[in-house]
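*Asks:* Sharing a structure below in structure tokens format, with a few things to ask.
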Amino acid sequence: MRINKYIAQAGIASRRKADELIANGNVKVNGAVMKEPGYDVGEGDEVRVNGRLVTGAQKPVYVLVNKPLGMVTTAADDRDRATVMELVADIDARLYPVGRLDYNTTGALIMTNDGDLTYRVTHPKHELTKTYRALVKGVLSDEKARRLARGVDIGGYVTRRAQVRIIKGTQSSTLVEITIHEGKNRQVRKMFASVGNPVQELERVAIGPVRLGHLRPGHYRKLTREEIEFLKNC
Ligand code: URA
């Protein structure tokens, strides 16, 4: 198997990223730097990326987790906080989160060992929608909801069109559903802050067609075949 595919199927990087790692000298085969992108990995070859052993192609696994509060979406945390890896510890494959959710955001997060799928789903050009339920401080007027939908400046970046729907509200807070088409860092929090309604609670309820539904916090489910096909072709 070609070395870039071998690395991608182990979940470490997309094939394209693997090519970069190879070109940059980050990949070693049997102790020697391998810069040949067409290298065919043989049975006994030991492949390492940045020193880490690549354990070979795994069966692809795709799950949706419901991330609880107070967990980071990185594989390891330098502050020793709990990571979402714990949620899939009973799955016999090394899964990685697809994209990020803030420490204090809950909800839908896809995890997989398919590096190519991760690359597709997180690439801005694929414009996969993400839907959030936000509990925001104060009254969110219809006028503000329209501004959010048209696009707001979140500090040097004007957000693209979004769908905004007010679900219910009181004088002290408003529950809003918002669908965005890009994923800038802390985008939803920055959007609501820009109209004067800071986010108090944030939950992602859907990633494209993959809906959280009644999945309980801290639990996971396998993606359906249709969901996987959609993400592979998005
Ligand atoms: N937008 C945010 O502000 N936070 C998230 O975790 C995701 C989207």
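Just remember, in the structure tokens the first chain shown is A, the second B, etc., residues are 1-based per chain, and ligands are 1-based in the order shown.
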Which residues are close to Val54 of chain A, i.e. within 9 Å by only C-alpha atoms, leaving aside same-chain residues fewer than 2 positions away? Reply as a PDB file with N, CA and C atoms, in the first residue's frame.
*Replies:*
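Printed below is result-v1.pdb as written:
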ATOM      1  N   TYR A   6      -1.366   4.513   3.657  1.00  0.00           N
ATOM      2  CA  TYR A   6      -1.074   3.743   4.873  1.00  0.00           C
ATOM      3  C   TYR A   6      -1.203   4.642   6.113  1.00  0.00           C
ATOM      4  N   ILE A   7      -0.648   5.861   5.991  1.00  0.00           N
ATOM      5  CA  ILE A   7      -0.701   6.805   7.119  1.00  0.00           C
ATOM      6  C   ILE A   7      -2.138   7.296   7.335  1.00  0.00           C
ATOM      7  N   ALA A  10      -4.418   4.836   9.007  1.00  0.00           N
ATOM      8  CA  ALA A  10      -4.146   4.663  10.438  1.00  0.00           C
ATOM      9  C   ALA A  10      -4.746   5.825  11.227  1.00  0.00           C
ATOM     10  N   ILE A  12      -3.934   9.042  11.134  1.00  0.00           N
ATOM     11  CA  ILE A  12      -2.996  10.062  11.610  1.00  0.00           C
ATOM     12  C   ILE A  12      -3.136  11.372  10.858  1.00  0.00           C
ATOM     13  N   GLU A  46       8.623  -0.823   9.351  1.00  0.00           N
ATOM     14  CA  GLU A  46       8.207  -0.060  10.532  1.00  0.00           C
ATOM     15  C   GLU A  46       8.130   1.407  10.111  1.00  0.00           C
ATOM     16  N   VAL A  47       6.908   1.952  10.141  1.00  0.00           N
ATOM     17  CA  VAL A  47       6.702   3.339   9.698  1.00  0.00           C
ATOM     18  C   VAL A  47       6.471   4.212  10.938  1.00  0.00           C
ATOM     19  N   ARG A  48       7.183   5.334  11.003  1.00  0.00           N
ATOM     20  CA  ARG A  48       6.977   6.268  12.120  1.00  0.00           C
ATOM     21  C   ARG A  48       6.722   7.669  11.583  1.00  0.00           C
ATOM     22  N   VAL A  49       5.760   8.357  12.185  1.00  0.00           N
ATOM     23  CA  VAL A  49       5.493   9.755  11.835  1.00  0.00           C
ATOM     24  C   VAL A  49       5.856  10.573  13.058  1.00  0.00           C
ATOM     25  N   ARG A  52       6.373   8.622  16.049  1.00  0.00           N
ATOM     26  CA  ARG A  52       5.315   7.738  16.546  1.00  0.00           C
ATOM     27  C   ARG A  52       5.068   6.587  15.585  1.00  0.00           C
ATOM     28  N   GLY A  56      -0.499   0.686  11.199  1.00  0.00           N
ATOM     29  CA  GLY A  56      -1.095   0.083  10.009  1.00  0.00           C
ATOM     30  C   GLY A  56      -2.571   0.390   9.863  1.00  0.00           C
ATOM     31  N   ALA A  57      -3.087   0.028   8.714  1.00  0.00           N
ATOM     32  CA  ALA A  57      -4.476   0.354   8.390  1.00  0.00           C
ATOM     33  C   ALA A  57      -5.426  -0.291   9.387  1.00  0.00           C
TER      34      ALA A  57
END
*Asks:* Where does chain A meet ligand 1 within 6 Å, residue by residue, with the nearest atom pair and distance in Å to one decimal for each, counting only C-alpha atoms and all ligand atoms, listed by chain and rising number, as JSON lines?
*Replies:*
{"residue": "A:Leu101", "atom": "CA", "partner": "ligand 1", "partner_atom_place_in_ligand_line": "6 (O)", "distance": 3.6}
{"residue": "A:Asp102", "atom": "CA", "partner": "ligand 1", "partner_atom_place_in_ligand_line": "6 (O)", "distance": 3.7}
{"residue": "A:Thr105", "atom": "CA", "partner": "ligand 1", "partner_atom_place_in_ligand_line": "6 (O)", "distance": 4.8}
{"residue": "A:Arg186", "atom": "CA", "partner": "ligand 1", "partner_atom_place_in_ligand_line": "3 (O)", "distance": 3.1}
{"residue": "A:Gln187", "atom": "CA", "partner": "ligand 1", "partner_atom_place_in_ligand_line": "1 (N)", "distance": 4.3}
{"residue": "A:Val188", "atom": "CA", "partner": "ligand 1", "partner_atom_place_in_ligand_line": "3 (O)", "distance": 3.9}
{"residue": "A:Arg189", "atom": "CA", "partner": "ligand 1", "partner_atom_place_in_ligand_line": "3 (O)", "distance": 3.9}
*Asks:* Could you write out the selected residues, including N, CA and C atoms, as an mmCIF file, in the first residue's frame?
*Replies:*
data_model
loop_
_atom_site.group_PDB
_atom_site.id
_atom_site.type_symbol
_atom_site.label_atom_id
_atom_site.label_comp_id
_atom_site.auth_asym_id
_atom_site.auth_seq_id
_atom_site.Cartn_x
_atom_site.Cartn_y
_atom_site.Cartn_z
ATOM 1 N N LEU A 101 -14.785 21.479 19.638
ATOM 2 C CA LEU A 101 -15.828 22.166 20.394
ATOM 3 C C LEU A 101 -15.139 22.769 21.604
ATOM 4 N N ASP A 102 -15.604 23.932 22.041
ATOM 5 C CA ASP A 102 -15.001 24.559 23.223
ATOM 6 C C ASP A 102 -15.193 23.668 24.456
ATOM 7 N N THR A 105 -18.666 23.934 25.602
ATOM 8 C CA THR A 105 -19.741 23.644 24.643
ATOM 9 C C THR A 105 -20.035 22.153 24.722
ATOM 10 N N ARG A 186 -14.484 29.890 18.133
ATOM 11 C CA ARG A 186 -15.478 30.472 19.037
ATOM 12 C C ARG A 186 -16.489 31.346 18.302
ATOM 13 N N GLN A 187 -16.798 30.928 17.084
ATOM 14 C CA GLN A 187 -17.625 31.776 16.218
ATOM 15 C C GLN A 187 -18.986 32.136 16.815
ATOM 16 N N VAL A 188 -19.701 31.130 17.315
ATOM 17 C CA VAL A 188 -21.061 31.393 17.782
ATOM 18 C C VAL A 188 -21.028 32.332 18.996
ATOM 19 N N ARG A 189 -20.106 32.092 19.897
ATOM 20 C CA ARG A 189 -19.996 32.976 21.071
ATOM 21 C C ARG A 189 -19.674 34.404 20.639
#
*Asks:* Show me a table, sorted first by chain and then by increasing residue number, of the residues of segment 133-227 of chain A having an atom at most 6 Å from segment 62-71 of chain A, each with its shortest atom pair and the distance in Å to one decimal, counting only C-alpha atoms and written as a Markdown table.
*Replies:*
| residue | atom | partner | partner_atom | distance |
| --- | --- | --- | --- | --- |
| A:Pro217 | CA | A:Asn66 | CA | 4.8 |
| A:Gly218 | CA | A:Asn66 | CA | 5.5 |
| A:His219 | CA | A:Asn66 | CA | 5.8 |
| A:Tyr220 | CA | A:Val65 | CA | 4.2 |
| A:Arg221 | CA | A:Leu64 | CA | 5.5 |
| A:Lys222 | CA | A:Val63 | CA | 4.3 |
| A:Leu223 | CA | A:Val63 | CA | 5.2 |
*Asks:* Please write the residues from the selection above to a file, keeping N, CA, C and O atoms, as an mmCIF file, in the first residue's frame.
*Replies:*
data_model
loop_
_atom_site.group_PDB
_atom_site.id
_atom_site.type_symbol
_atom_site.label_atom_id
_atom_site.label_comp_id
_atom_site.auth_asym_id
_atom_site.auth_seq_id
_atom_site.Cartn_x
_atom_site.Cartn_y
_atom_site.Cartn_z
ATOM 1 N N PRO A 217 -25.589 12.739 27.055
ATOM 2 C CA PRO A 217 -24.245 13.294 27.250
ATOM 3 C C PRO A 217 -23.264 12.211 27.692
ATOM 4 O O PRO A 217 -23.573 11.385 28.553
ATOM 5 N N GLY A 218 -22.092 12.207 27.080
ATOM 6 C CA GLY A 218 -21.066 11.232 27.447
ATOM 7 C C GLY A 218 -21.188 9.920 26.698
ATOM 8 O O GLY A 218 -20.338 9.047 26.845
ATOM 9 N N HIS A 219 -22.235 9.781 25.872
ATOM 10 C CA HIS A 219 -22.444 8.535 25.126
ATOM 11 C C HIS A 219 -22.112 8.729 23.651
ATOM 12 O O HIS A 219 -21.976 9.844 23.181
ATOM 13 N N TYR A 220 -21.989 7.601 22.945
ATOM 14 C CA TYR A 220 -21.756 7.687 21.506
ATOM 15 C C TYR A 220 -22.657 6.709 20.780
ATOM 16 O O TYR A 220 -23.203 5.775 21.370
ATOM 17 N N ARG A 221 -22.799 6.970 19.470
ATOM 18 C CA ARG A 221 -23.461 6.003 18.586
ATOM 19 C C ARG A 221 -22.670 5.939 17.292
ATOM 20 O O ARG A 221 -21.941 6.868 16.946
ATOM 21 N N LYS A 222 -22.791 4.799 16.605
ATOM 22 C CA LYS A 222 -22.132 4.683 15.293
ATOM 23 C C LYS A 222 -22.880 5.545 14.279
ATOM 24 O O LYS A 222 -24.112 5.644 14.346
ATOM 25 N N LEU A 223 -22.178 6.144 13.347
ATOM 26 C CA LEU A 223 -22.859 6.849 12.261
ATOM 27 C C LEU A 223 -23.535 5.822 11.360
ATOM 28 O O LEU A 223 -23.037 4.697 11.211
#
*Asks:* Mind checking which residues fall within 12 Å of Met1 of chain A, counting only C-alpha atoms, ignoring those fewer than 2 positions away in the same chain, and posting them as a ChimeraX atom specification?
*Replies:* /A:3-9,37-43,45,56-57
*Asks:* Residues near Asn26 of chain A, anyone? I mean within 9 Å using only C-alpha atoms, not counting same-chain ones fewer than 4 positions away, as a tab-separated table (two decimals) with N, CA and C atoms, in the first residue's frame.
*Replies:*
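So the final result, stored in out-v7.tsv, reads:
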chain	number	residue	atom	x	y	z
A	20	GLU	N	2.57	15.89	2.69
A	20	GLU	CA	3.37	17.01	3.24
A	20	GLU	C	4.36	16.50	4.30
A	21	LEU	N	3.85	15.63	5.16
A	21	LEU	CA	4.72	15.09	6.22
A	21	LEU	C	5.91	14.36	5.60
A	22	ILE	N	5.63	13.63	4.53
A	22	ILE	CA	6.70	12.88	3.84
A	22	ILE	C	7.70	13.86	3.24
A	33	VAL	N	14.74	8.37	7.03
A	33	VAL	CA	13.75	9.31	6.50
A	33	VAL	C	13.32	8.84	5.11
A	34	MET	N	11.99	8.82	4.89
A	34	MET	CA	11.45	8.37	3.61
A	34	MET	C	10.81	9.56	2.90
A	35	LYS	N	11.40	9.98	1.79
A	35	LYS	CA	10.86	11.14	1.08
A	35	LYS	C	10.21	10.75	-0.24
A	48	ARG	N	7.18	5.33	11.00
A	48	ARG	CA	6.98	6.27	12.12
A	48	ARG	C	6.72	7.67	11.58
A	49	VAL	N	5.76	8.36	12.19
A	49	VAL	CA	5.49	9.76	11.84
A	49	VAL	C	5.86	10.57	13.06
A	50	ASN	N	6.79	11.50	12.90
A	50	ASN	CA	7.29	12.28	14.04
A	50	ASN	C	7.66	11.38	15.21
A	51	GLY	N	8.23	10.27	14.92
A	51	GLY	CA	8.70	9.36	15.95
A	51	GLY	C	7.65	8.36	16.42
*Asks:* List as a PDB file with N, CA, C and O atoms, in the first residue's frame the protein and nucleic acid residues near Lys137 of chain A, meaning an atom at most 6 Å away when only C-alpha atoms are counted, but skip any in the same chain fewer than 2 places from it.
*Replies:*
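And here is the file that came out, result-v9.pdb:
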ATOM      1  N   SER A 173     -33.264  35.803  29.400  1.00  0.00           N
ATOM      2  CA  SER A 173     -32.496  34.994  28.444  1.00  0.00           C
ATOM      3  C   SER A 173     -33.354  34.563  27.247  1.00  0.00           C
ATOM      4  O   SER A 173     -34.592  34.560  27.337  1.00  0.00           O
ATOM      5  N   ASN A 197     -25.556  40.033  23.291  1.00  0.00           N
ATOM      6  CA  ASN A 197     -26.233  38.942  24.017  1.00  0.00           C
ATOM      7  C   ASN A 197     -25.255  37.790  24.231  1.00  0.00           C
ATOM      8  O   ASN A 197     -25.265  36.807  23.460  1.00  0.00           O
ATOM      9  N   PRO A 198     -24.405  37.864  25.234  1.00  0.00           N
ATOM     10  CA  PRO A 198     -23.406  36.803  25.412  1.00  0.00           C
ATOM     11  C   PRO A 198     -24.035  35.426  25.633  1.00  0.00           C
ATOM     12  O   PRO A 198     -25.105  35.311  26.234  1.00  0.00           O
TER      13      PRO A 198
END
*Asks:* Which residues come within 7 Å of Thr83 of chain A, counting only C-alpha atoms, excluding same-chain residues fewer than 6 positions away, as a list in words?
*Replies:*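 Result of the neighbour search: Met71, Val72, Thr73, Thr74, Ala75 and Ala76 of chain A.
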*Asks:* Among segment 72-191 of chain A, which ones does DSSP place in alpha helix (DSSP H), written as a PDB file with C-alpha atoms, in the first residue's frame?
*Replies:*
ATOM      1  CA  GLY A 115      -7.972  10.853   8.147  1.00  0.00           C
ATOM      2  CA  ASP A 116      -9.357  11.590   4.686  1.00  0.00           C
ATOM      3  CA  LEU A 117     -12.876  12.052   6.015  1.00  0.00           C
ATOM      4  CA  THR A 118     -11.586  14.368   8.741  1.00  0.00           C
ATOM      5  CA  TYR A 119      -9.876  16.455   6.093  1.00  0.00           C
ATOM      6  CA  ARG A 120     -13.014  16.720   3.933  1.00  0.00           C
ATOM      7  CA  VAL A 121     -15.365  17.543   6.756  1.00  0.00           C
ATOM      8  CA  THR A 122     -13.146  20.228   8.284  1.00  0.00           C
ATOM      9  CA  ASP A 142     -35.928  40.111  15.761  1.00  0.00           C
ATOM     10  CA  GLU A 143     -33.761  42.916  14.439  1.00  0.00           C
ATOM     11  CA  LYS A 144     -30.658  41.424  16.094  1.00  0.00           C
ATOM     12  CA  ALA A 145     -31.592  37.969  14.813  1.00  0.00           C
ATOM     13  CA  ARG A 146     -31.727  39.405  11.284  1.00  0.00           C
ATOM     14  CA  ARG A 147     -28.306  41.036  11.761  1.00  0.00           C
ATOM     15  CA  LEU A 148     -26.850  37.723  12.888  1.00  0.00           C
ATOM     16  CA  ALA A 149     -28.407  36.005   9.867  1.00  0.00           C
ATOM     17  CA  ARG A 150     -26.983  38.567   7.430  1.00  0.00           C
ATOM     18  CA  GLN A 187     -17.625  31.776  16.218  1.00  0.00           C
ATOM     19  CA  VAL A 188     -21.061  31.393  17.782  1.00  0.00           C
ATOM     20  CA  ARG A 189     -19.996  32.976  21.071  1.00  0.00           C
ATOM     21  CA  LYS A 190     -18.390  35.873  19.212  1.00  0.00           C
ATOM     22  CA  MET A 191     -21.460  36.368  17.019  1.00  0.00           C
TER      23      MET A 191
END
*Asks:* From a DSSP pass on the backbone, collect the residues of segment 43-207 of chain A flagged as strand (DSSP E) and hand them back as a PyMOL selection string.
*Replies:* chain A and resi 47-49+52-53+62-67+96-97+105-112+130-137+163-169+173-180+199-207
*Asks:* Report, in Å to a single decimal, how far apart atom CA of Cys234 of chain A and atom CA of Phe192 of chain A are.
*Replies:* 28.1 Å
*Asks:* List the neighbours of Thr131 of chain A out to 8 Å using only C-alpha atoms; skip same-chain residues closer than 6 positions along the sequence, and give me the result as JSON, numbers by chain.
*Replies:* {"A": [177, 178, 179, 180, 204, 205, 206, 207, 208]}
*Asks:* Just the number, please: distance in Å from atom CA of Asp90 of chain A to atom CA of Glu227 of chain A, one decimal.
*Replies:*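 Going from atom CA of Asp90 of chain A over to atom CA of Glu227 of chain A covers 22.2 Å.
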*Asks:* So which one's closest to Val158 of chain A, A:Asn113, A:Thr106, A:Ser194, A:Asn233? Using only C-alpha atoms, please.
*Replies:*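 Looking at the shortest contact to Val158 of chain A, the residue is A:Ser194.
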